[in-house]
>>> print(open('work14.txt').read())   # compact mmCIF, C-alpha atoms and all ligand atoms
# COMPACT_ATOMS: atom_id res chain seq x y z
CA MET A 1 22.28 -12.57 6.33
CA THR A 2 25.56 -12.63 4.40
CA ASP A 3 28.09 -9.81 4.63
CA SER A 4 27.80 -8.53 1.13
CA SER A 5 29.21 -5.03 1.42
CA HIS A 6 32.16 -5.78 -0.89
CA GLN A 7 30.31 -7.93 -3.34
CA PRO A 8 28.87 -6.67 -6.60
CA HIS A 9 25.14 -6.18 -6.55
CA ARG A 10 22.77 -8.71 -7.98
CA ILE A 11 20.21 -7.72 -10.58
CA LEU A 12 16.55 -8.70 -10.47
CA TYR A 13 14.17 -7.90 -13.29
CA CYS A 14 10.40 -7.97 -12.78
CA ARG A 15 8.50 -8.68 -15.99
CA CYS A 16 5.15 -7.49 -14.59
CA ALA A 17 3.61 -10.19 -16.77
CA TYR A 18 0.25 -10.58 -15.00
CA ALA A 19 -0.88 -7.11 -16.05
CA ASN A 20 0.76 -4.60 -18.29
CA THR A 21 1.44 -2.06 -15.61
CA VAL A 22 4.96 -1.32 -16.83
CA PRO A 23 5.01 -0.01 -20.41
CA GLN A 24 5.72 -2.92 -22.77
CA GLY A 25 8.35 -1.01 -24.72
CA VAL A 26 10.29 -0.14 -21.58
CA LYS A 27 10.26 -3.63 -20.10
CA ASP A 28 11.22 -5.22 -23.44
CA ASP A 29 14.02 -2.78 -23.97
CA VAL A 30 15.35 -3.19 -20.43
CA LEU A 31 15.32 -6.97 -20.80
CA GLN A 32 17.19 -6.72 -24.06
CA ARG A 33 19.83 -4.46 -22.54
CA LEU A 34 20.27 -6.82 -19.58
CA SER A 35 20.39 -9.84 -21.84
CA GLU A 36 23.12 -8.26 -23.92
CA SER A 37 25.08 -6.86 -20.98
CA GLY A 38 27.12 -9.99 -20.38
CA LEU A 39 26.11 -9.92 -16.71
CA PRO A 40 24.18 -12.60 -14.87
CA PHE A 41 20.75 -11.66 -13.60
CA GLU A 42 17.54 -13.17 -12.33
CA ALA A 43 14.17 -12.44 -13.88
CA VAL A 44 10.77 -13.09 -12.35
CA SER A 45 7.40 -13.08 -13.99
CA ASP A 46 5.58 -10.79 -11.54
CA LEU A 47 6.60 -9.63 -8.08
CA CYS A 48 2.99 -8.79 -7.21
CA GLU A 49 1.94 -12.37 -7.85
CA MET A 50 4.93 -13.63 -5.86
CA SER A 51 3.91 -11.43 -2.93
CA ALA A 52 0.30 -12.61 -3.12
CA SER A 53 1.35 -16.26 -3.07
CA ARG A 54 4.18 -15.72 -0.56
CA ASP A 55 6.69 -17.19 -2.94
CA PRO A 56 9.75 -18.50 -1.04
CA ARG A 57 12.06 -16.98 -3.64
CA LEU A 58 11.28 -13.55 -2.16
CA LYS A 59 13.28 -14.62 0.88
CA GLN A 60 16.32 -15.34 -1.27
CA ILE A 61 16.01 -11.97 -2.93
CA ALA A 62 15.56 -10.15 0.38
CA GLU A 63 18.34 -11.96 2.20
CA GLY A 64 20.89 -12.48 -0.53
CA GLY A 65 22.84 -9.22 -0.21
CA ARG A 66 22.99 -6.12 -2.37
CA VAL A 67 20.46 -6.09 -5.15
CA LYS A 68 19.09 -3.72 -7.77
CA ILE A 69 15.50 -4.43 -8.68
CA ALA A 70 13.97 -3.25 -11.95
CA ALA A 71 10.24 -3.00 -11.23
CA CYS A 72 7.91 -0.10 -10.46
CA TYR A 73 7.51 2.39 -7.59
CA PRO A 74 9.97 1.70 -4.75
CA ARG A 75 7.27 2.23 -2.12
CA ALA A 76 5.11 -0.45 -3.73
CA VAL A 77 7.98 -2.92 -4.06
CA LYS A 78 9.09 -2.36 -0.46
CA TRP A 79 5.66 -3.14 0.95
CA LEU A 80 5.01 -6.02 -1.44
CA PHE A 81 7.99 -7.81 0.09
CA HIS A 82 6.79 -6.90 3.56
CA ALA A 83 3.29 -8.18 2.79
CA ALA A 84 4.80 -11.54 1.88
CA GLY A 85 6.58 -11.71 5.25
CA GLN A 86 9.99 -11.12 3.63
CA PRO A 87 10.88 -7.49 4.23
CA LEU A 88 13.74 -6.05 2.19
CA PRO A 89 16.72 -4.87 4.23
CA GLU A 90 17.08 -1.14 4.86
CA GLU A 91 20.43 -1.02 3.11
CA GLY A 92 21.79 -2.34 -0.15
CA VAL A 93 18.52 -2.48 -2.09
CA ASP A 94 17.76 -0.16 -4.97
CA VAL A 95 14.50 -0.20 -6.83
CA VAL A 96 14.67 1.23 -10.33
CA ASN A 97 11.29 2.36 -11.58
CA MET A 98 10.38 1.14 -15.07
CA ARG A 99 7.05 3.01 -14.90
CA GLU A 100 8.77 6.37 -14.78
CA LEU A 101 12.22 6.09 -16.30
CA SER A 102 13.35 5.40 -19.84
CA ALA A 103 14.77 1.96 -20.62
CA GLU A 104 18.14 3.57 -21.18
CA ASP A 105 18.14 5.13 -17.72
CA VAL A 106 16.87 1.96 -16.05
CA ALA A 107 19.56 -0.15 -17.70
CA ALA A 108 22.27 2.38 -16.90
CA GLN A 109 21.35 2.25 -13.22
CA LEU A 110 21.07 -1.51 -13.10
CA LEU A 111 24.36 -2.08 -14.83
CA ASP A 112 26.34 0.60 -13.03
CA ARG A 113 28.49 -1.39 -10.68
CA ASN A 114 29.88 1.57 -8.79
CA THR A 115 26.81 3.34 -7.54
CA GLU A 116 24.58 2.07 -4.80
CA SER A 117 21.94 4.73 -5.26
CA THR A 118 21.74 7.62 -7.64
CA PRO A 119 19.30 10.52 -7.37
CA SER A 120 16.92 8.85 -9.81
CA SER A 121 17.05 5.35 -8.41
CA HIS A 122 15.52 4.73 -5.03
CA PRO A 123 16.85 2.85 -2.08
CA VAL A 124 13.78 1.27 -0.51
CA ASN A 125 14.11 3.32 2.65
CA HIS A 126 14.12 6.49 0.60
CA ALA A 127 11.67 8.93 2.15
CA GLU A 128 9.03 9.81 -0.41
CA MET B 1 -4.45 -16.29 0.50
CA LEU B 2 -3.42 -17.71 -2.82
CA SER B 3 -2.04 -21.20 -2.90
CA ASN B 4 1.67 -21.31 -3.45
CA GLU B 5 1.91 -23.22 -6.67
CA ASN B 6 4.36 -20.80 -8.08
CA SER B 7 7.48 -22.66 -8.98
CA PRO B 8 7.26 -26.31 -9.91
CA VAL B 9 10.18 -25.68 -12.28
CA GLN B 10 13.22 -23.50 -11.71
CA VAL B 11 14.90 -22.56 -14.97
CA ILE B 12 18.52 -21.57 -15.35
CA LEU B 13 19.95 -20.43 -18.68
CA TYR B 14 23.54 -21.46 -18.28
CA GLU B 15 26.27 -19.63 -20.16
CA GLY B 16 29.18 -20.38 -17.86
CA LYS B 17 32.15 -22.70 -18.21
CA GLY B 18 31.53 -25.62 -20.52
CA ALA B 19 28.76 -23.88 -22.48
CA SER B 20 28.70 -21.35 -25.30
CA PRO B 21 26.59 -18.21 -24.95
CA LEU B 22 23.29 -18.39 -26.79
CA ALA B 23 22.79 -16.13 -29.78
CA ALA B 24 21.53 -12.74 -28.54
CA GLU B 25 18.12 -12.96 -30.28
CA ILE B 26 17.51 -16.50 -29.04
CA ARG B 27 18.49 -15.62 -25.48
CA LEU B 28 16.17 -12.62 -25.44
CA ALA B 29 13.28 -14.54 -26.99
CA VAL B 30 13.71 -17.45 -24.53
CA LEU B 31 13.80 -15.07 -21.57
CA SER B 32 10.70 -13.13 -22.69
CA GLN B 33 8.67 -16.20 -23.54
CA LEU B 34 9.45 -17.96 -20.27
CA LEU B 35 8.64 -14.86 -18.22
CA ASP B 36 5.42 -14.17 -20.09
CA LYS B 37 4.35 -17.75 -19.34
CA GLY B 38 4.96 -17.27 -15.63
CA PHE B 39 8.34 -19.00 -15.23
CA ALA B 40 11.18 -17.36 -13.37
CA VAL B 41 14.54 -17.66 -15.04
CA ALA B 42 18.11 -16.96 -14.02
CA LEU B 43 20.79 -16.16 -16.55
CA ALA B 44 23.98 -17.71 -15.19
CA LYS B 45 27.32 -16.36 -16.36
CA GLU B 46 30.82 -16.68 -15.18
CA GLY B 47 31.69 -13.99 -12.65
CA GLY B 48 29.07 -11.83 -10.98
CA ARG B 49 26.69 -13.11 -8.40
CA GLN B 50 23.49 -14.93 -8.79
CA ILE B 51 20.42 -14.72 -6.64
CA PRO B 52 20.62 -18.19 -5.15
CA THR B 53 17.94 -20.64 -6.06
CA PRO B 54 15.85 -21.42 -2.97
CA PRO B 55 16.20 -24.88 -1.51
CA LEU B 56 14.36 -27.21 -3.81
CA LYS B 57 11.34 -28.90 -2.31
CA GLY B 58 10.27 -32.39 -3.18
CA ASN B 59 7.96 -31.34 -5.98
CA GLN B 60 10.28 -28.76 -7.48
CA ARG B 61 12.59 -29.42 -10.34
CA LEU B 62 15.58 -27.53 -11.62
CA LEU B 63 16.10 -27.33 -15.34
CA VAL B 64 19.50 -26.11 -16.54
CA LEU B 65 19.46 -25.15 -20.20
CA GLY B 66 22.59 -24.38 -22.19
CA ASP B 67 24.51 -24.70 -25.39
CA PHE B 68 26.79 -27.22 -23.78
CA VAL B 69 30.08 -28.12 -25.35
CA GLY B 70 29.77 -31.88 -25.74
CA ASP B 71 27.20 -33.71 -23.66
CA ALA B 72 25.18 -31.81 -21.08
CA PRO B 73 26.74 -32.51 -17.68
CA SER B 74 24.63 -34.47 -15.22
CA LEU B 75 23.98 -32.82 -11.88
CA GLU B 76 22.51 -34.08 -8.64
CA ASP B 77 20.91 -32.33 -5.72
CA ALA B 78 23.35 -32.87 -2.85
CA ALA B 79 20.40 -33.25 -0.48
CA GLY B 80 18.87 -35.79 -2.82
CA GLN B 81 15.49 -34.09 -2.64
CA ALA B 82 14.87 -32.74 -6.08
CA SER B 83 15.60 -33.60 -9.63
CA ILE B 84 18.01 -31.49 -11.64
CA GLU B 85 18.13 -31.91 -15.34
CA THR B 86 20.58 -30.40 -17.78
CA VAL B 87 19.47 -30.08 -21.38
CA THR B 88 21.33 -28.91 -24.45
CA VAL B 89 19.36 -26.35 -26.41
CA THR B 90 21.84 -25.96 -29.25
CA GLY B 91 20.03 -24.94 -32.42
CA LEU B 92 16.57 -24.75 -30.82
CA ALA B 93 14.21 -21.84 -31.47
CA ALA B 94 12.74 -19.99 -28.46
CA ASP B 95 9.33 -21.66 -28.71
CA GLU B 96 11.01 -25.07 -28.83
CA VAL B 97 12.86 -24.20 -25.63
CA LEU B 98 9.56 -23.15 -24.06
CA GLY B 99 8.08 -26.47 -25.18
CA LEU B 100 10.93 -28.29 -23.44
CA VAL B 101 10.27 -26.42 -20.20
CA GLU B 102 6.55 -27.17 -20.42
CA GLN B 103 7.34 -30.83 -21.01
CA PHE B 104 9.61 -30.84 -17.98
CA ARG B 105 6.83 -29.27 -15.90
CA GLU B 106 4.64 -32.30 -16.65
CA GLY B 107 1.41 -30.41 -16.15
CA GLN B 108 2.14 -29.54 -12.52
CA PRO B 109 -0.03 -26.62 -11.42
CA MET B 110 1.51 -23.19 -11.32
CA ASN B 111 0.25 -19.65 -11.20
CA GLU B 112 0.24 -18.21 -14.70
CA PRO B 113 -0.46 -14.81 -16.27
CA GLY B 114 -4.04 -14.61 -17.47
CA LYS B 115 -5.52 -16.75 -14.67
CA TRP B 116 -5.65 -14.09 -11.98
CA LYS B 117 -4.61 -10.46 -11.98
CA PRO B 118 -2.64 -9.86 -8.78
CA TRP B 119 -4.90 -7.08 -7.61
CA PHE B 120 -4.95 -6.55 -3.86
CA PRO B 121 -4.25 -3.81 -1.34
CA VAL B 122 -0.72 -3.38 -0.09
CA ILE B 123 -0.36 -1.43 3.14
CA ASP B 124 2.38 1.15 3.61
CA TYR B 125 3.02 0.71 7.34
CA ASP B 126 5.17 3.84 7.37
CA ARG B 127 1.87 5.70 6.94
CA CYS B 128 -0.76 3.42 8.50
CA THR B 129 -2.10 4.43 11.93
CA ASN B 130 -4.10 1.23 12.44
CA CYS B 131 -7.42 3.08 12.45
CA MET B 132 -9.35 0.08 11.01
CA GLN B 133 -11.39 2.11 8.53
CA CYS B 134 -10.35 -0.19 5.70
CA LEU B 135 -11.40 -3.22 7.72
CA SER B 136 -14.85 -1.83 8.46
CA PHE B 137 -15.29 -0.65 4.87
CA CYS B 138 -14.46 -3.87 3.02
CA LEU B 139 -17.30 -6.36 2.65
CA PHE B 140 -15.19 -9.09 1.16
CA ASP B 141 -13.08 -10.09 4.14
CA VAL B 142 -9.87 -8.89 2.55
CA TYR B 143 -8.66 -7.28 5.77
CA GLY B 144 -8.11 -8.75 9.21
CA VAL B 145 -5.82 -8.20 12.15
CA ASP B 146 -2.74 -10.09 13.31
CA GLU B 147 -2.18 -11.35 16.84
CA ASP B 148 -1.17 -7.83 17.92
CA ASN B 149 -4.38 -6.38 16.48
CA LYS B 150 -2.47 -4.75 13.69
CA ILE B 151 -4.27 -4.35 10.39
CA GLN B 152 -3.30 -6.91 7.77
CA VAL B 153 -4.34 -7.94 4.29
CA GLN B 154 -5.40 -11.52 4.90
CA ASN B 155 -7.43 -12.66 1.91
CA ASN B 156 -5.88 -10.87 -1.04
CA ASP B 157 -7.61 -13.09 -3.59
CA ASN B 158 -11.03 -11.95 -2.28
CA CYS B 159 -10.30 -8.44 -3.52
CA LYS B 160 -12.38 -7.21 -6.45
CA THR B 161 -10.13 -6.80 -9.48
CA ASN B 162 -9.55 -3.19 -10.51
CA CYS B 163 -11.46 -1.82 -7.51
CA PRO B 164 -9.25 0.48 -5.44
CA ALA B 165 -12.15 1.83 -3.34
CA CYS B 166 -10.64 1.03 0.07
CA SER B 167 -7.58 3.11 -0.77
CA ARG B 168 -9.95 6.09 -0.92
CA VAL B 169 -11.30 5.53 2.56
CA CYS B 170 -7.86 5.37 4.16
CA PRO B 171 -7.29 8.72 5.88
CA GLU B 172 -3.53 8.27 5.71
CA VAL B 173 -3.26 7.36 2.02
CA ALA B 174 -1.56 4.19 3.21
CA ILE B 175 -3.23 1.71 0.87
CA MET B 176 -1.61 0.97 -2.47
CA PHE B 177 -2.60 -1.14 -5.43
CA PRO B 178 0.70 -1.52 -7.31
CA LYS B 179 -1.05 -2.35 -10.59
CA TYR B 180 -3.27 0.74 -10.47
CA SER B 181 -2.71 3.36 -13.14
CA GLY B 182 -2.35 6.54 -11.12
CA GLY B 183 -0.52 7.81 -8.07
CA PRO B 184 -0.36 7.68 -5.15
CA ILE B 185 -2.44 4.47 -5.20
CA ASN B 186 0.14 2.80 -7.46
CA GLY B 187 2.92 3.52 -4.95
CA ASP B 188 3.97 6.88 -6.32
CA LYS B 189 4.84 9.63 -3.82
CA VAL B 190 2.05 10.96 -1.62
CA ASN B 191 1.80 14.71 -2.00
CA THR B 192 -0.04 17.36 0.00
CA GLN B 193 -3.01 17.27 -2.35
CA ASP B 194 -3.46 13.57 -1.62
CA LEU B 195 -3.41 14.35 2.05
CA GLU B 196 -6.59 16.40 1.80
CA ARG B 197 -8.27 13.26 2.91
CA GLU B 198 -11.00 14.70 5.01
CA LYS B 199 -12.33 16.67 2.09
CA MET B 200 -12.32 13.60 -0.09
CA LYS B 201 -14.06 11.53 2.58
CA VAL B 202 -16.79 14.10 3.05
CA ASP B 203 -17.37 14.13 -0.69
CA ILE B 204 -17.69 10.40 -0.79
CA SER B 205 -19.97 10.04 2.19
CA SER B 206 -22.28 12.82 1.01
CA LEU B 207 -22.43 11.24 -2.39
CA LEU B 208 -23.35 7.93 -0.92
CA GLY B 209 -25.49 9.01 1.95
CA GLY B 210 -23.91 6.87 4.63
CA ASP B 211 -24.46 3.28 3.59
CA ILE B 212 -21.93 3.11 0.85
CA TYR B 213 -22.67 -0.35 -0.51
CA ALA B 214 -26.42 -0.09 -0.42
CA SER B 215 -26.19 3.23 -2.21
CA LEU B 216 -23.79 1.87 -4.76
CA ARG B 217 -26.02 -1.09 -5.45
CA ASN B 218 -29.00 1.15 -5.79
CA ARG B 219 -27.12 3.40 -8.18
CA SER B 220 -25.96 0.43 -10.17
CA GLU B 221 -29.53 -0.77 -10.59
CA GLN B 222 -30.61 2.70 -11.57
CA ALA B 223 -27.82 2.83 -14.08
CA LYS B 224 -28.87 -0.49 -15.58
CA SER B 225 -32.53 0.46 -15.74
CA ARG B 226 -31.62 3.72 -17.38
CA PHE B 227 -31.48 2.03 -20.76
CA SER B 228 -34.87 0.33 -20.47
CA LYS B 229 -36.58 3.40 -19.01
CA GLU B 230 -35.05 6.12 -20.99
CA ARG B 231 -37.99 8.43 -20.48
CA SER B 232 -38.29 7.64 -16.81
CA PRO B 233 -39.95 10.45 -14.88
CA ASP B 234 -37.54 9.76 -12.01
CA LYS B 235 -36.20 13.24 -11.38
CA ALA B 236 -33.33 11.87 -9.37
CA LEU B 237 -32.10 9.82 -12.26
CA SER B 238 -29.84 12.41 -13.80
CA GLU B 239 -28.46 13.19 -10.35
CA ARG B 240 -27.72 9.52 -9.73
CA LYS B 241 -26.25 9.13 -13.16
CA LYS B 242 -23.96 12.06 -12.47
CA CYS B 243 -22.96 10.48 -9.20
CA LEU B 244 -22.22 7.10 -10.71
CA THR B 245 -20.24 8.67 -13.51
CA LYS B 246 -18.30 10.67 -10.97
CA LEU B 247 -17.41 7.58 -8.96
CA GLN B 248 -16.43 5.65 -12.02
CA GLN B 249 -14.45 8.54 -13.41
CA ALA B 250 -12.63 8.78 -10.12
CA GLY B 251 -11.59 5.19 -10.76
CA MET B 252 -13.18 4.24 -7.48
CA ILE B 253 -15.50 1.41 -8.33
CA PRO B 254 -15.53 -0.45 -11.63
CA ALA B 255 -18.95 -1.10 -13.20
CA GLU B 256 -18.57 -4.91 -12.85
CA VAL B 257 -18.16 -4.54 -9.11
CA LEU B 258 -21.24 -2.34 -8.87
CA GLU B 259 -23.27 -4.79 -10.86
CA ASN B 260 -22.20 -7.80 -8.83
CA LEU B 261 -22.75 -6.55 -5.32
CA PRO B 262 -24.61 -8.99 -3.06
CA SER B 263 -28.23 -8.51 -1.97
CA PRO B 264 -29.04 -5.62 0.41
CA GLU B 265 -29.58 -8.11 3.30
CA GLU B 266 -26.25 -9.77 2.65
CA ILE B 267 -24.56 -6.37 2.40
CA GLN B 268 -26.04 -5.42 5.75
CA ARG B 269 -24.90 -8.67 7.34
CA ARG B 270 -21.36 -8.34 6.00
CA ALA B 271 -21.11 -4.67 6.91
CA ALA B 272 -22.14 -5.48 10.48
CA ALA B 273 -19.59 -8.30 10.69
CA ALA B 274 -16.79 -6.10 9.33
CA ALA B 275 -17.71 -3.28 11.70
CA ALA B 276 -17.72 -5.70 14.65
CA LYS B 277 -14.29 -7.00 13.70
CA ALA B 278 -12.90 -3.47 13.42
CA ASP B 279 -14.54 -2.49 16.68
CA ALA B 280 -13.08 -5.48 18.53
CA ALA B 281 -9.61 -4.73 17.19
CA LEU B 282 -9.86 -1.07 18.21
CA LYS B 283 -11.06 -2.03 21.70
CA ALA B 284 -8.20 -4.52 22.04
CA GLN B 285 -5.75 -1.78 20.98
CA THR B 286 -7.14 0.60 23.60
CA SER B 287 -7.01 -1.94 26.40
CA ALA B 288 -3.43 -2.89 25.45
CA ASN B 289 -2.31 0.75 25.73
S1 LIG A 301 6.12 -5.11 -8.50
FE1 LIG A 301 5.51 -3.49 -9.93
S2 LIG A 301 6.55 -4.07 -11.85
FE2 LIG A 301 6.52 -5.92 -10.57
S3 LIG A 301 4.63 -7.00 -11.02
FE3 LIG A 301 4.09 -5.63 -9.35
S4 LIG A 301 3.32 -3.75 -10.36
FE4 LIG A 301 4.44 -4.93 -11.91
S1 LIG A 302 -7.60 2.77 6.78
FE1 LIG A 302 -5.44 3.20 6.31
S2 LIG A 302 -4.55 3.97 8.23
FE2 LIG A 302 -6.51 2.97 8.73
S3 LIG A 302 -5.90 0.84 9.27
FE3 LIG A 302 -6.48 0.84 7.08
S4 LIG A 302 -4.49 1.18 6.02
FE4 LIG A 302 -4.17 1.76 8.16
>>> encode(input="work14.txt", output="structure tokens", more="lines below")
Ligand code: SF4
Ligand code: SF4
Amino acid sequence: MTDSSHQPHRILYCRCAYANTVPQGVKDDVLQRLSESGLPFEAVSDLCEMSASRDPRLKQIAEGGRVKIAACYPRAVKWLFHAAGQPLPEEGVDVVNMRELSAEDVAAQLLDRNTESTPSSHPVNHAE
Amino acid sequence: MLSNENSPVQVILYEGKGASPLAAEIRLAVLSQLLDKGFAVALAKEGGRQIPTPPLKGNQRLLVLGDFVGDAPSLEDAAGQASIETVTVTGLAADEVLGLVEQFREGQPMNEPGKWKPWFPVIDYDRCTNCMQCLSFCLFDVYGVDEDNKIQVQNNDNCKTNCPACSRVCPEVAIMFPKYSGGPINGDKVNTQDLEREKMKVDISSLLGGDIYASLRNRSEQAKSRFSKERSPDKALSERKKCLTKLQQAGMIPAEVLENLPSPEEIQRRAAAAAAKADAALKAQTSAN
């Protein structure tokens, strides 16, 4: 694993494209805000599908240092990575829940470069 | 387990040095269309960090798209294993860009939205006590144990789409279906109400009278015959109907699953096999402790 404590976080966006679990309006709006942010990011079609097929890219996400993931419930995302044999690290991972938050709040948390975790985003080891 | 045909093409939208940024509407439309087709895509910019692309395997190809100033630069995989192509997309509409990516894919298989809904149980091991109830409940071989006799989801593509029934038999509320509508099955917080498991279990077993699948099948047949025998003298019919409705309303078993259950003999055989597997794992756990 790389020492990433001083590096800016990466951003990963899950499109949830295999089933419309995340409200369409929220995921579209979040993607637009990311796309217009001027920041680089990675977008995947569906983390659930990647977990089911043990996609090797999950390893890169899990091991690549600090990351903020726009997806759904942090507990689900944590164990989806685990199920694929690529557990997320305890530190430096924030899951921002597009099923519960507004697009504005999701984007604000993803794009905030200073905060690791805010009360409404969830580090994956957050006790629920 | 699903076959890993996920990424024959890696797509990078390049807006770094030597390329102009795409127009905002085009960039957004390209990103959405690629994602909705099942492709992963990285937006590369100067500064910031990128999630690194995994090592390319022989059959994988990297496609770098950009509004390149002048000719698109040619790139090579240092390891010489995979092909990398750079393509100028100046002036192309989003669907033309998608067409380019599809062309580059050359019909190689990949998992795509619409083919299979990723519906399978995900275990929260912070909650799971390894009691094996899910293993003995499931007739479709979804669960198994690892070499340490720890419960595992082994055949996720055997799971019946939209059926979260096993999550209801887990006494620890440890089974999630991330694409389910409601909490805590979707991964939302587990609250005290959800923890009233015993009550829920008693309800279910009294409803089903012990042999859950046989009862469900029976109820399904009753439900189907309801329409042809509307004036059936069967006094139990309304009771069964109530029961079926209750189960369906609880989101426990979708009608398609009820209607497609195997024969009673096959159910019995599978139930015995699942119970034996669970029993063996529990015995192995006990002898290891
Ligand atoms: S992880 Fe969540 S947001 Fe992503 S595909 Fe699965 S259910 Fe959808
Ligand atoms: S029923 Fe629940 S607690 Fe028991 S082994 Fe299955 S997931 Fe774990």
>>> atom_distance(input="work14.txt", atom1="atom CA of B:Asn156", atom2="atom CA of B:Gln193")
28.3 Å
>>> closest_atom_pairs(input="work14.txt", of="chain A", to="ligand LIG 301 (chain A)", cutoff="7 Å", atoms="only C-alpha atoms and all ligand atoms", output="CSV")
residue,atom,partner,partner_atom,distance
A:Cys14,CA,A:LIG301,FE2,4.9
A:Arg15,CA,A:LIG301,FE2,6.4
A:Cys16,CA,A:LIG301,S3,3.6
A:Ala17,CA,A:LIG301,S3,6.7
A:Tyr18,CA,A:LIG301,S3,6.9
A:Thr21,CA,A:LIG301,FE4,5.6
A:Val22,CA,A:LIG301,S2,5.9
A:Asp46,CA,A:LIG301,S3,3.9
A:Leu47,CA,A:LIG301,S3,4.4
A:Cys48,CA,A:LIG301,FE3,4.0
A:Glu49,CA,A:LIG301,S3,6.8
A:Ala71,CA,A:LIG301,S2,3.9
A:Cys72,CA,A:LIG301,FE1,4.2
A:Tyr73,CA,A:LIG301,FE1,6.6
A:Ala76,CA,A:LIG301,S1,6.7
A:Val77,CA,A:LIG301,S1,5.3
>>> write_last_selection(input="work14.txt", atoms="C-alpha atoms", output="tab-separated table (two decimals), in the frame of the given file")
chain	number	residue	atom	x	y	z
A	14	CYS	CA	10.40	-7.97	-12.78
A	15	ARG	CA	8.50	-8.68	-15.99
A	16	CYS	CA	5.15	-7.49	-14.59
A	17	ALA	CA	3.61	-10.19	-16.77
A	18	TYR	CA	0.25	-10.58	-15.00
A	21	THR	CA	1.44	-2.06	-15.61
A	22	VAL	CA	4.96	-1.32	-16.83
A	46	ASP	CA	5.58	-10.79	-11.54
A	47	LEU	CA	6.60	-9.63	-8.08
A	48	CYS	CA	2.99	-8.79	-7.21
A	49	GLU	CA	1.94	-12.37	-7.85
A	71	ALA	CA	10.24	-3.00	-11.23
A	72	CYS	CA	7.91	-0.10	-10.46
A	73	TYR	CA	7.51	2.39	-7.59
A	76	ALA	CA	5.11	-0.45	-3.73
A	77	VAL	CA	7.98	-2.92	-4.06
>>> closest_atom_pairs(input="work14.txt", of="chain B", to="ligand LIG 302 (chain A)", cutoff="9 Å", atoms="only C-alpha atoms and all ligand atoms", output="CSV")
residue,atom,partner,partner_atom,distance
B:Pro121,CA,A:LIG302,S4,8.9
B:Val122,CA,A:LIG302,S4,8.5
B:Ile123,CA,A:LIG302,S4,5.7
B:Asp124,CA,A:LIG302,S4,7.3
B:Tyr125,CA,A:LIG302,FE4,7.3
B:Arg127,CA,A:LIG302,S2,6.8
B:Cys128,CA,A:LIG302,FE4,3.8
B:Thr129,CA,A:LIG302,S2,4.5
B:Asn130,CA,A:LIG302,S3,3.7
B:Cys131,CA,A:LIG302,FE2,3.8
B:Met132,CA,A:LIG302,S3,3.9
B:Gln133,CA,A:LIG302,S1,4.2
B:Cys134,CA,A:LIG302,S1,4.2
B:Leu135,CA,A:LIG302,FE3,6.4
B:Ser136,CA,A:LIG302,S1,8.7
B:Phe137,CA,A:LIG302,S1,8.6
B:Tyr143,CA,A:LIG302,FE3,8.5
B:Lys150,CA,A:LIG302,S3,7.9
B:Ile151,CA,A:LIG302,S3,5.6
B:Gln152,CA,A:LIG302,S3,8.3
B:Cys166,CA,A:LIG302,S1,7.6
B:Ser167,CA,A:LIG302,FE1,7.4
B:Arg168,CA,A:LIG302,S1,8.7
B:Val169,CA,A:LIG302,S1,6.3
B:Cys170,CA,A:LIG302,S1,3.7
B:Pro171,CA,A:LIG302,FE1,5.8
B:Glu172,CA,A:LIG302,S2,5.1
B:Val173,CA,A:LIG302,FE1,6.4
B:Ala174,CA,A:LIG302,S4,5.1
B:Ile175,CA,A:LIG302,S4,5.3
B:Met176,CA,A:LIG302,S4,9.0
>>> closest_atom_pairs(input="work14.txt", of="chain A", to="chain B", cutoff="7 Å", atoms="all atoms listed in the file", output="tab-separated table")
residue	atom	partner	partner_atom	distance
A:Pro8	CA	B:Gly48	CA	6.8
A:Arg10	CA	B:Arg49	CA	5.9
A:Arg15	CA	B:Leu35	CA	6.6
A:Ala17	CA	B:Asp36	CA	5.5
A:Tyr18	CA	B:Pro113	CA	4.5
A:Ala19	CA	B:Lys117	CA	6.5
A:Thr21	CA	B:Lys179	CA	5.6
A:Gln32	CA	B:Leu28	CA	6.1
A:Ser35	CA	B:Leu28	CA	6.2
A:Glu36	CA	B:Ala24	CA	6.6
A:Leu39	CA	B:Lys45	CA	6.6
A:Pro40	CA	B:Lys45	CA	5.1
A:Phe41	CA	B:Leu43	CA	5.4
A:Glu42	CA	B:Ala42	CA	4.2
A:Ala43	CA	B:Val41	CA	5.4
A:Val44	CA	B:Ala40	CA	4.4
A:Ser45	CA	B:Leu35	CA	4.8
A:Cys48	CA	B:Pro118	CA	5.9
A:Glu49	CA	B:Pro118	CA	5.3
A:Ala52	CA	B:Leu2	CA	6.3
A:Ser53	CA	B:Leu2	CA	5.0
A:Arg54	CA	B:Asn4	CA	6.8
A:Asp55	CA	B:Asn4	CA	6.5
A:Arg57	CA	B:Pro54	CA	5.9
A:Gln60	CA	B:Pro54	CA	6.3
A:Ile61	CA	B:Ile51	CA	6.4
A:Gly64	CA	B:Ile51	CA	6.5
A:Tyr73	CA	B:Gly187	CA	5.4
A:Arg75	CA	B:Gly187	CA	5.3
A:Ala76	CA	B:Gly187	CA	4.7
A:Trp79	CA	B:Asp124	CA	6.0
A:Leu80	CA	B:Val122	CA	6.5
A:Ala83	CA	B:Val122	CA	6.9
A:Glu128	CA	B:Lys189	CA	5.4
>>> atom_distance(input="work14.txt", atom1="atom CA of B:Val69", atom2="atom CA of A:Ser37")
22.3 Å
>>> atom_distance(input="work14.txt", atom1="atom CA of A:Lys59", atom2="atom CA of A:Gln86")
5.5 Å
>>> residues_around(input="work14.txt", residues="A:Leu111", least_positions_apart="2", cutoff="9 Å", atoms="all atoms listed in the file", output="number ranges by chain")
A: 11, 34, 37, 39, 68, 106-109, 113-114
